[in-house]
There are 4 protein chains.
Amino acid sequence: MQASHPQKSHERDIKEYFSSVRAYTESLCKPLEIEDYIPQPIVDVSPAKWHIAHTTWFFEEMILKQFVPNYRVFDPDFAFLFNSYYNSIGERTPRAQRGAMSRPTVKRVFEYRKYIDDKMLEFLSGPSVSASVTDLVILGLNHEQQHQELLLTDLKYTFSLNPLLPVYRENFAPIEIVDSEAEGFVETEAGVYEVGYDGDGFCFDNELSRHRVFLEDNRIEKRLITNREFVEFIEDGGYRNANLWHSDGWEWVNTDSIDKPLYWIERDGEPFNYTFAGLRKLSLDAPVAHVSFYEAAAFAEWKEMRLPTEFEWEAASDKFDWGLRWEWTNSAYLPYPGCNRSPGAVGEYNGKFMINQMVLRGASVITPPGHSRNTYRNFFSPHLRWQYTGIRLAK
Amino acid sequence: MQASHPQKSHERDIKEYFSSVRAYTESLCKPLEIEDYIPQPIVDVSPAKWHIAHTTWFFEEMILKQFVPNYRVFDPDFAFLFNSYYNSIGERTPRAQRGAMSRPTVKRVFEYRKYIDDKMLEFLSGPSVSASVTDLVILGLNHEQQHQELLLTDLKYTFSLNPLLPVYRENFAPIEIVDSEAEGFVETEAGVYEVGYDGDGFCFDNELSRHRVFLEDNRIEKRLITNREFVEFIEDGGYRNANLWHSDGWEWVNTDSIDKPLYWIERDGEPFNYTFAGLRKLSLDAPVAHVSFYEAAAFAEWKEMRLPTEFEWEAASDKFDWGLRWEWTNSAYLPYPGCNRSPGAVGEYNGKFMINQMVLRGASVITPPGHSRNTYRNFFSPHLRWQYTGIRLAK
Amino acid sequence: MQASHPQKSHERDIKEYFSSVRAYTESLCKPLEIEDYIPQPIVDVSPAKWHIAHTTWFFEEMILKQFVPNYRVFDPDFAFLFNSYYNSIGERTPRAQRGAMSRPTVKRVFEYRKYIDDKMLEFLSGPSVSASVTDLVILGLNHEQQHQELLLTDLKYTFSLNPLLPVYRENFAPIEIVDSEAEGFVETEAGVYEVGYDGDGFCFDNELSRHRVFLEDNRIEKRLITNREFVEFIEDGGYRNANLWHSDGWEWVNTDSIDKPLYWIERDGEPFNYTFAGLRKLSLDAPVAHVSFYEAAAFAEWKEMRLPTEFEWEAASDKFDWGLRWEWTNSAYLPYPGCNRSPGAVGEYNGKFMINQMVLRGASVITPPGHSRNTYRNFFSPHLRWQYTGIRLAK
Amino acid sequence: MQASHPQKSHERDIKEYFSSVRAYTESLCKPLEIEDYIPQPIVDVSPAKWHIAHTTWFFEEMILKQFVPNYRVFDPDFAFLFNSYYNSIGERTPRAQRGAMSRPTVKRVFEYRKYIDDKMLEFLSGPSVSASVTDLVILGLNHEQQHQELLLTDLKYTFSLNPLLPVYRENFAPIEIVDSEAEGFVETEAGVYEVGYDGDGFCFDNELSRHRVFLEDNRIEKRLITNREFVEFIEDGGYRNANLWHSDGWEWVNTDSIDKPLYWIERDGEPFNYTFAGLRKLSLDAPVAHVSFYEAAAFAEWKEMRLPTEFEWEAASDKFDWGLRWEWTNSAYLPYPGCNRSPGAVGEYNGKFMINQMVLRGASVITPPGHSRNTYRNFFSPHLRWQYTGIRLAK
């Protein structure tokens, strides 16, 4: 997920909104020891310290340095250290070496947050906050919300490699095992539908340029696939039947010896699941999570169904409940017609990731409150599993 | 490219059609030495011997073994040796080891071709050739035509690694350097368009299920991008400007040290091009060839334009000339709505490659005669360049 | 470096020795922030936390659990977490995932140290400490001393990847830039020499089995090669002259784009050196450090000399000063004749590393006091550079 | 194996010697089809065409071009095409792409051989053949003999990947299954021994500089380890017991899923062996072949014995039969004291391979007649198995 620019100004009071999003990030850090902020076990997974610094960097770089006269930077090194992929801002730390950065300390990064928060609130109280600057602040807050979810999923991945299987929060398990009770299908009739964002609130660039698509008749299941159904797939030899898999998926299954969703662990012959609350018995009625696109597609093939396209999903989304899992669609992540790039650094990445990725729609149990829309386009490589990804089928 | 089943029977006399396609394959082999049939320099590039055997295998496996009573196989080993990816037929030679198969000899493989040709012509003269069997034969011939093109591009790739830069045929250079003279744009108005095959002739499965799509207003250039324009891109630092590239494309450029199209070679400061006729001066007016999707997309970004989608291309294709290059589109290779899998081995691969690939439309200068349609969906991974791939831009 | 068993009991008071070695480890940790204990940037480099826990684990596992009746383990998980390669003790944490282990916390690991120290001192005050147990304690202390050096070199490597280039200790630079002033050669006459340890003190297994070797006439330089000489090698194109390099070395130079020793950094055209005291101007008179065996051998070839064998080195070692750098020899790390494996876990690894490694003799500026002998056999893969490795030439 | 320069002139008539070695190479090619000359399935394995051309290239490059006035080269491209690693001669074909070189044809390469043979015999009949030139010719012939063995082992490897398991020659099986009947040990007493070549005949550079070594008492088995004993090792879990293996060997076993010697194939629960005569039942009394150093060392550990050093082997070699297998020693391939590099291209590689390789002593069943000595130092990387490598144990 990458941040983009907002279109319409937000109606909530911007200072209050700013404070609440920033505080939520810090609340997520409460259970962490200093040590937990550091590891980067694989290149896709960033350290918690990086998330809390990088989201702060956004406000210093995009707002304070640009709009506050004589702004004094907190630390000139941080511009370099906590840049992610904005080449136009200057050089940046190689992504794979974020985990080697023991310094600056966590304490200093929290001081950075405090400094920037103070400066931002002072700035937002001032007279010079135009609508376009407010939009930029709102973009920064949505960017931070994306990192709130990544902070959690990255932490879960890191913890899962520790033989101690640490508990993040005892009361975080329920969110992973909520049941899905809906039944039946949602039907959409063939016709022209409008897709993409057109409201007054915030959205990312990739949702913009509302446009028309033609959909043929289709039916989408109201409920998500459960762990119980996924166990059946496994027991029926799903991971060993080449015919169910994409060619690349079959190679992935064999090269990485994949035979179950991420975080499923067997203990004494019983299926368990590593959760934020530690190791728990696998809840068979919960929607399956942490599956790759390849697994989702193979499961659909096994059921003699298919994944919906992102537009079928969007057109039908008012007619079913969503928000427990990021739902893999069978749509590649590609630009909408008429999509334009924002000028400068904010728009820099537009389109950079629009290859070799599949779209996920919906939201997950750990998506921050107020950060989901039925036009939201999330996207990941088809083999990745560390997000709360799930499966909804279509015909 | 993978073969699929035909829909309508072909009107031409099937025996004549069979003989002419089979003979064309052999005519392509005329300039080859026995040694040329063997190498497989990279896993994507198959030996010429494999192409001529595998296309023959199709007729033995799918027609003769199925429909000729008491058919006596030419050699029982060949069912295994020359299977490509049809897991339901049985085990097969690992793709990466096709180049280690010096035996059976080339001579024996041509005997195999002769044996199968005789049996096929005998069979096609008989009374038991139903329409559905004829369709299967036509499928086999279209499958062979796909391999005719691959035989040439694979051979070109292999020859290009030889310091001698061998000549395939002296008179093959012109086809690579034909000029593109058209000017201006083709305009398509917003609206619902039908796409996919609906004629009476042959098509592949992936073109089927003609369906409606909604296109917004768009304009496509009548001509292909030339080598001259691509030289300008290079001279303007196109390969060194990260902002023009997809993130994955930028990694590809840097990891593989890419700085020009495949087969471009500098000699004494002058640009040359390895062609089927050997090393030739780069023809600046010819359409650029042998570029990856990443290069095509970066070039489009540099021109402040974009690649068309496969449906924009199809809807406009009657209004411009095509057929010199396989044209990269900005569409991922995904199934059409309502697309169904054929039963058994013939349909086995359906959908297997519908991930991580981009669609190319059109045809190339070496596509066999009678093997192109404006609904044809070719597809390759975004980094591959050994086909005659080119660039047409849209707005 | 791996620990081995001691032969003769140590004369010093064992409790005092124990306390002093354990305290030295902790003194090395003084400048560290909690965050510094965590990163494992490459698989060869372990986190500081791992070093301080693993050295403690040795005493719990090899002494307390074995010899203290009713010993109560500090934490049963630690046996698994901090095992290195002793398969006979049980499963262990995969080496590559040491850096993902944020828990147990650093604080808890220091509590573990304290607990074990107390139990050890209590045990060592008791009556049941046989000579063989004392030997095992001394082995554990020598093992810890090896990890003291690794703790520092691993930390230096991690810090070097941080764009901030952190300072470990301001006063640590001098040790890296001490001058070598000796001149001339040490000559050894052809004859039979005895090599290997035969004293009364501690040594590792791999030094044992003192035996005879025949040496031909040889001459070894009294001084180490300096940075100044290495700069000359570079300026003479040493890194670009294939003839100077081993075939594997040449591949390493090209694949990893090696063109100077590790930690050399150019700033504004001037050569700098990352040291424990941060970035410092390169001291031309200091002995070169952080070179691979390949670089050492290529340098020798350039000088039309060679590296000494480990036995030439040992036979001559009384006649020159050593101890600033681990000196690459041209001897592969192989067993001495008559070398026997110790029974059980302590002897488990014997010989496990005796392939694909070259012997280094001497010691380095950060080798702990009292931990060097002229029979000591250190060893590393020929491409590794993160130790204080240097060059001494022979003829 | 790399060629080196000869020391003393050979007494045999040089023309006859030349003709007989050249003819032997061609006799080995008799069973080959043209196709068999082409494949290079892995980088270590060269095409047969390359062997017959490269050995010819040696005589053109090192003799004819240097010593024959107005010598007219056969084809100027061949200097480049068939150079192996002599950087000082000029650029060369990348080793990994030898298998892509379908041209020049096999016929043309045999014309090249004929041309060079004629020119050489003409030259050798002339007056200007000094002793040093004769030495160079003898070097070229020994170089060709090394390639005779490689031609066979490379071909066997390539054939083994072909599902047809082609037969090279029906009567070649016996050589692989000859029994070893000796019993007991050869004892060597501690003392100074001379090793290295000192005869009047030919030897390679790496055998030179006869020198003294001190050997401790040792005992070497008179016979080689048989397939029967190796089956026992396997059945006792040898491949699954980490304690028997070097650390690098254990990684190799697991990464490459090694569980038996190369070319062992199970059919219907019975052990077979791919031989030059095709698939044959495993002969239990034959000496084991095609094992890596890692397997040899693990086997020795399992027997509670060890591999001899190359000097123990050489000192005892008159007292046992050898020549069936290249016997892994526990000596790394390193230079002899006083070893000097020959000037120019012939000496170029001297020492280039003296890292990460282990010495093999003896010869194999397919070593050409007259090409073995007890001072011969063969060497390979510890994981390689495609040579006729075997095991002899020591204590």
# chains A, B, ... in the order shown; residues from 1 in each chain; ligands from 1
$ closest_atom_pairs --of "chain C" --to "chain D" --cutoff "7 Å" --atoms "only C-alpha atoms" --output "JSON lines"
{"residue": "C:Arg212", "atom": "CA", "partner": "D:Phe214", "partner_atom": "CA", "distance": 6.3}
{"residue": "C:Val213", "atom": "CA", "partner": "D:Phe214", "partner_atom": "CA", "distance": 4.9}
{"residue": "C:Phe214", "atom": "CA", "partner": "D:Val213", "partner_atom": "CA", "distance": 4.9}
{"residue": "C:Trp245", "atom": "CA", "partner": "D:Lys352", "partner_atom": "CA", "distance": 6.7}
{"residue": "C:His246", "atom": "CA", "partner": "D:Lys352", "partner_atom": "CA", "distance": 4.2}
{"residue": "C:Ser247", "atom": "CA", "partner": "D:Lys352", "partner_atom": "CA", "distance": 5.1}
{"residue": "C:Ala332", "atom": "CA", "partner": "D:Ala332", "partner_atom": "CA", "distance": 6.2}
{"residue": "C:Gly351", "atom": "CA", "partner": "D:His246", "partner_atom": "CA", "distance": 6.9}
{"residue": "C:Lys352", "atom": "CA", "partner": "D:His246", "partner_atom": "CA", "distance": 4.2}
{"residue": "C:Phe353", "atom": "CA", "partner": "D:Ser247", "partner_atom": "CA", "distance": 5.9}
{"residue": "C:Asn356", "atom": "CA", "partner": "D:Asn356", "partner_atom": "CA", "distance": 5.0}
$ write_last_selection --atoms "all heavy atoms" --output "mmCIF file, in the first residue's frame"
data_model
loop_
_atom_site.group_PDB
_atom_site.id
_atom_site.type_symbol
_atom_site.label_atom_id
_atom_site.label_comp_id
_atom_site.auth_asym_id
_atom_site.auth_seq_id
_atom_site.Cartn_x
_atom_site.Cartn_y
_atom_site.Cartn_z
ATOM 1 N N ARG C 212 55.467 -33.618 14.185
ATOM 2 C CA ARG C 212 56.599 -33.126 13.417
ATOM 3 C C ARG C 212 56.189 -32.771 11.987
ATOM 4 O O ARG C 212 55.379 -33.479 11.386
ATOM 5 C CB ARG C 212 57.707 -34.185 13.397
ATOM 6 C CG ARG C 212 58.363 -34.375 14.758
ATOM 7 C CD ARG C 212 59.051 -35.720 14.868
ATOM 8 N NE ARG C 212 58.084 -36.802 15.015
ATOM 9 C CZ ARG C 212 58.411 -38.070 15.212
ATOM 10 N NH1 ARG C 212 59.689 -38.443 15.281
ATOM 11 N NH2 ARG C 212 57.481 -39.009 15.330
ATOM 12 N N VAL C 213 56.732 -31.696 11.489
ATOM 13 C CA VAL C 213 56.549 -31.356 10.068
ATOM 14 C C VAL C 213 57.928 -31.038 9.504
ATOM 15 O O VAL C 213 58.836 -30.626 10.235
ATOM 16 C CB VAL C 213 55.630 -30.132 9.861
ATOM 17 C CG1 VAL C 213 54.212 -30.421 10.357
ATOM 18 C CG2 VAL C 213 56.208 -28.895 10.547
ATOM 19 N N PHE C 214 58.069 -31.258 8.220
ATOM 20 C CA PHE C 214 59.318 -30.874 7.573
ATOM 21 C C PHE C 214 59.110 -29.555 6.843
ATOM 22 O O PHE C 214 58.191 -29.425 6.039
ATOM 23 C CB PHE C 214 59.782 -31.938 6.582
ATOM 24 C CG PHE C 214 61.179 -31.681 6.099
ATOM 25 C CD1 PHE C 214 62.264 -32.289 6.727
ATOM 26 C CD2 PHE C 214 61.424 -30.792 5.054
ATOM 27 C CE1 PHE C 214 63.558 -32.023 6.309
ATOM 28 C CE2 PHE C 214 62.716 -30.522 4.640
ATOM 29 C CZ PHE C 214 63.788 -31.142 5.266
ATOM 30 N N TRP C 245 44.729 -13.192 -9.267
ATOM 31 C CA TRP C 245 43.706 -13.760 -8.380
ATOM 32 C C TRP C 245 43.500 -15.254 -8.599
ATOM 33 O O TRP C 245 43.617 -15.757 -9.706
ATOM 34 C CB TRP C 245 42.372 -13.035 -8.599
ATOM 35 C CG TRP C 245 42.431 -11.585 -8.211
ATOM 36 C CD1 TRP C 245 42.964 -10.565 -8.963
ATOM 37 C CD2 TRP C 245 41.990 -11.009 -6.989
ATOM 38 N NE1 TRP C 245 42.863 -9.390 -8.254
ATOM 39 C CE2 TRP C 245 42.269 -9.627 -7.045
ATOM 40 C CE3 TRP C 245 41.372 -11.514 -5.843
ATOM 41 C CZ2 TRP C 245 41.962 -8.747 -6.000
ATOM 42 C CZ3 TRP C 245 41.059 -10.641 -4.805
ATOM 43 C CH2 TRP C 245 41.357 -9.276 -4.889
ATOM 44 N N HIS C 246 43.127 -15.924 -7.509
ATOM 45 C CA HIS C 246 42.569 -17.263 -7.640
ATOM 46 C C HIS C 246 41.317 -17.163 -8.510
ATOM 47 O O HIS C 246 40.630 -16.138 -8.520
ATOM 48 C CB HIS C 246 42.155 -17.826 -6.272
ATOM 49 C CG HIS C 246 43.309 -18.261 -5.421
ATOM 50 N ND1 HIS C 246 43.852 -17.457 -4.451
ATOM 51 C CD2 HIS C 246 44.025 -19.418 -5.395
ATOM 52 C CE1 HIS C 246 44.847 -18.105 -3.862
ATOM 53 N NE2 HIS C 246 44.983 -19.290 -4.416
ATOM 54 N N SER C 247 40.984 -18.229 -9.182
ATOM 55 C CA SER C 247 39.797 -18.243 -10.024
ATOM 56 C C SER C 247 38.539 -17.918 -9.200
ATOM 57 O O SER C 247 37.734 -17.068 -9.582
ATOM 58 C CB SER C 247 39.675 -19.625 -10.673
ATOM 59 O OG SER C 247 38.531 -19.704 -11.454
ATOM 60 N N ALA C 332 45.194 -24.731 4.398
ATOM 61 C CA ALA C 332 43.783 -25.051 4.599
ATOM 62 C C ALA C 332 43.607 -25.573 6.013
ATOM 63 O O ALA C 332 44.526 -26.146 6.604
ATOM 64 C CB ALA C 332 43.329 -26.084 3.579
ATOM 65 N N GLY C 351 36.153 -31.117 13.725
ATOM 66 C CA GLY C 351 36.333 -31.450 12.326
ATOM 67 C C GLY C 351 35.206 -30.968 11.432
ATOM 68 O O GLY C 351 35.366 -30.921 10.220
ATOM 69 N N LYS C 352 34.093 -30.599 12.011
ATOM 70 C CA LYS C 352 32.926 -30.192 11.219
ATOM 71 C C LYS C 352 33.245 -29.042 10.266
ATOM 72 O O LYS C 352 32.601 -28.879 9.242
ATOM 73 C CB LYS C 352 31.819 -29.703 12.163
ATOM 74 C CG LYS C 352 30.849 -30.751 12.573
ATOM 75 C CD LYS C 352 29.490 -30.166 12.817
ATOM 76 C CE LYS C 352 28.434 -31.256 12.967
ATOM 77 N NZ LYS C 352 28.866 -32.615 12.697
ATOM 78 N N PHE C 353 34.199 -28.206 10.641
ATOM 79 C CA PHE C 353 34.489 -27.028 9.832
ATOM 80 C C PHE C 353 35.783 -27.179 9.027
ATOM 81 O O PHE C 353 36.271 -26.234 8.447
ATOM 82 C CB PHE C 353 34.534 -25.789 10.732
ATOM 83 C CG PHE C 353 33.229 -25.579 11.433
ATOM 84 C CD1 PHE C 353 33.011 -26.060 12.703
ATOM 85 C CD2 PHE C 353 32.178 -24.954 10.779
ATOM 86 C CE1 PHE C 353 31.789 -25.910 13.333
ATOM 87 C CE2 PHE C 353 30.946 -24.795 11.399
ATOM 88 C CZ PHE C 353 30.758 -25.282 12.688
ATOM 89 N N ASN C 356 37.010 -26.157 3.178
ATOM 90 C CA ASN C 356 36.709 -24.846 2.578
ATOM 91 C C ASN C 356 37.066 -23.650 3.463
ATOM 92 O O ASN C 356 36.474 -22.588 3.324
ATOM 93 C CB ASN C 356 35.224 -24.747 2.186
ATOM 94 C CG ASN C 356 34.796 -25.822 1.208
ATOM 95 O OD1 ASN C 356 35.590 -26.263 0.376
ATOM 96 N ND2 ASN C 356 33.553 -26.243 1.293
#
$ select_by_dssp --residues "range 47-193 of chain B" --states "alpha helix (DSSP H)" --output "PyMOL selection string"
chain B and resi 48-59+65-67+78-81+106-125+131-161+173-177
$ select_by_dssp --residues "range 62-285 of chain D" --states "strand (DSSP E or B)" --output "NGL selection string"
:D and (185-188 or 191-195 or 211-215 or 218-221 or 226 or 264-267 or 270-275 or 278-281)
$ write_last_selection --atoms "C-alpha atoms" --output "compact mmCIF listing (two decimals), in the first residue's frame"
# COMPACT_ATOMS: atom_id res chain seq x y z
CA PHE D 185 46.77 -52.50 5.46
CA VAL D 186 49.95 -50.91 4.19
CA GLU D 187 52.00 -49.44 7.03
CA THR D 188 54.25 -46.40 6.81
CA GLY D 191 59.88 -40.18 9.18
CA VAL D 192 60.90 -37.75 6.50
CA TYR D 193 59.75 -38.71 2.99
CA GLU D 194 60.37 -37.16 -0.37
CA VAL D 195 57.31 -36.35 -2.42
CA HIS D 211 60.50 -31.85 -1.44
CA ARG D 212 60.54 -33.44 1.98
CA VAL D 213 57.58 -33.98 4.27
CA PHE D 214 57.41 -35.53 7.68
CA LEU D 215 54.83 -38.27 8.08
CA ASN D 218 50.02 -44.41 9.42
CA ARG D 219 48.20 -47.33 7.90
CA ILE D 220 46.32 -47.32 4.60
CA GLU D 221 43.91 -49.98 3.39
CA THR D 226 32.99 -51.32 -2.35
CA TRP D 264 22.52 -44.98 -8.61
CA ILE D 265 18.91 -45.50 -9.65
CA GLU D 266 16.27 -47.63 -8.00
CA ARG D 267 13.99 -49.65 -10.26
CA GLU D 270 16.36 -52.95 -6.80
CA PRO D 271 19.54 -50.87 -6.99
CA PHE D 272 20.79 -50.11 -10.48
CA ASN D 273 23.66 -48.07 -11.78
CA TYR D 274 23.80 -45.98 -14.92
CA THR D 275 26.99 -46.99 -16.75
CA GLY D 278 23.43 -48.26 -19.97
CA LEU D 279 21.49 -49.20 -16.87
CA ARG D 280 22.97 -52.22 -15.09
CA LYS D 281 22.31 -53.93 -11.79
$ residues_around --residues "range 159-163 of chain A" --least-positions-apart "3" --cutoff "9 Å" --atoms "only C-alpha atoms" --output "list in words"
Asp36, Pro41, Asp154, Leu155, Lys156, Pro166, Val167, Tyr168, Tyr263, Tyr274, Thr275, Phe276 and Gly278 of chain A; Asp77, Phe80, Leu81, Thr93, Gln97, Arg98, Ala100, Met101, Ser102 and Arg103 of chain C
$ residues_around --residues "Lys303 in chain D" --least-positions-apart "6" --cutoff "10 Å" --atoms "only C-alpha atoms" --output "number ranges by chain"
D: 229, 233, 244, 297, 393
$ closest_residue --among "A:Gln148, A:Thr153, A:Asn171, A:Ser19" --to "Lys114 in chain A" --atoms "only C-alpha atoms"
A:Ser19
$ residues_around --residues "Val129 in chain D" --least-positions-apart "2" --cutoff "12 Å" --atoms "only C-alpha atoms" --output "ChimeraX atom specification"
/D:9,14-15,63-64,66-68,120-127,131-137
$ atom_distance --atom1 "CA of Ala48 in chain D" --atom2 "CA of Leu150 in chain B"
27.2 Å
$ atom_distance --atom1 "CA of Pro308 in chain B" --atom2 "CA of Ile391 in chain B"
9.8 Å
$ atom_distance --atom1 "CA of Tyr157 in chain C" --atom2 "CA of Ile34 in chain A"
21.4 Å
$ residues_around --residues "Pro39 in chain B" --least-positions-apart "3" --cutoff "7 Å" --atoms "only C-alpha atoms" --output "list in words"
Asp36, Pro47 and Gly99 of chain B; Ile38, Pro39, Gly99 and Ala100 of chain D
$ write_last_selection --atoms "C-alpha atoms" --output "tab-separated table (two decimals), in the first residue's frame"
chain	number	residue	atom	x	y	z
B	36	ASP	CA	21.52	-26.36	-34.46
B	47	PRO	CA	15.73	-26.78	-28.85
B	99	GLY	CA	18.84	-29.38	-24.05
D	38	ILE	CA	26.56	-30.37	-28.39
D	39	PRO	CA	24.93	-30.37	-24.94
D	99	GLY	CA	26.54	-25.41	-25.03
D	100	ALA	CA	24.92	-22.68	-27.14
$ residues_around --residues "Arg228 in chain A" --least-positions-apart "4" --cutoff "7 Å" --atoms "only C-alpha atoms" --output "PyMOL selection string"
chain A and resi 232+284-285
$ write_last_selection --atoms "all heavy atoms" --output "CSV table (one decimal), in the first residue's frame"
chain,number,residue,atom,x,y,z
A,232,GLU,N,-10.7,-28.9,4.7
A,232,GLU,CA,-11.2,-29.9,3.7
A,232,GLU,C,-10.4,-29.9,2.4
A,232,GLU,O,-10.1,-31.0,1.9
A,232,GLU,CB,-12.7,-29.6,3.3
A,232,GLU,CG,-13.6,-30.0,4.5
A,232,GLU,CD,-15.0,-29.4,4.2
A,232,GLU,OE1,-15.3,-28.9,3.1
A,232,GLU,OE2,-15.8,-29.3,5.2
A,284,LEU,N,-12.3,-23.4,13.7
A,284,LEU,CA,-12.8,-23.8,12.3
A,284,LEU,C,-13.8,-22.9,11.7
A,284,LEU,O,-13.9,-22.9,10.5
A,284,LEU,CB,-13.3,-25.3,12.5
A,284,LEU,CG,-12.2,-26.3,12.8
A,284,LEU,CD1,-12.8,-27.6,13.1
A,284,LEU,CD2,-11.2,-26.4,11.7
A,285,ASP,N,-14.5,-22.2,12.5
A,285,ASP,CA,-15.6,-21.3,11.9
A,285,ASP,C,-15.1,-19.9,11.5
A,285,ASP,O,-15.9,-19.2,10.9
A,285,ASP,CB,-16.7,-21.2,12.9
A,285,ASP,CG,-17.4,-22.6,13.1
A,285,ASP,OD1,-17.6,-23.2,12.1
A,285,ASP,OD2,-17.7,-22.9,14.3
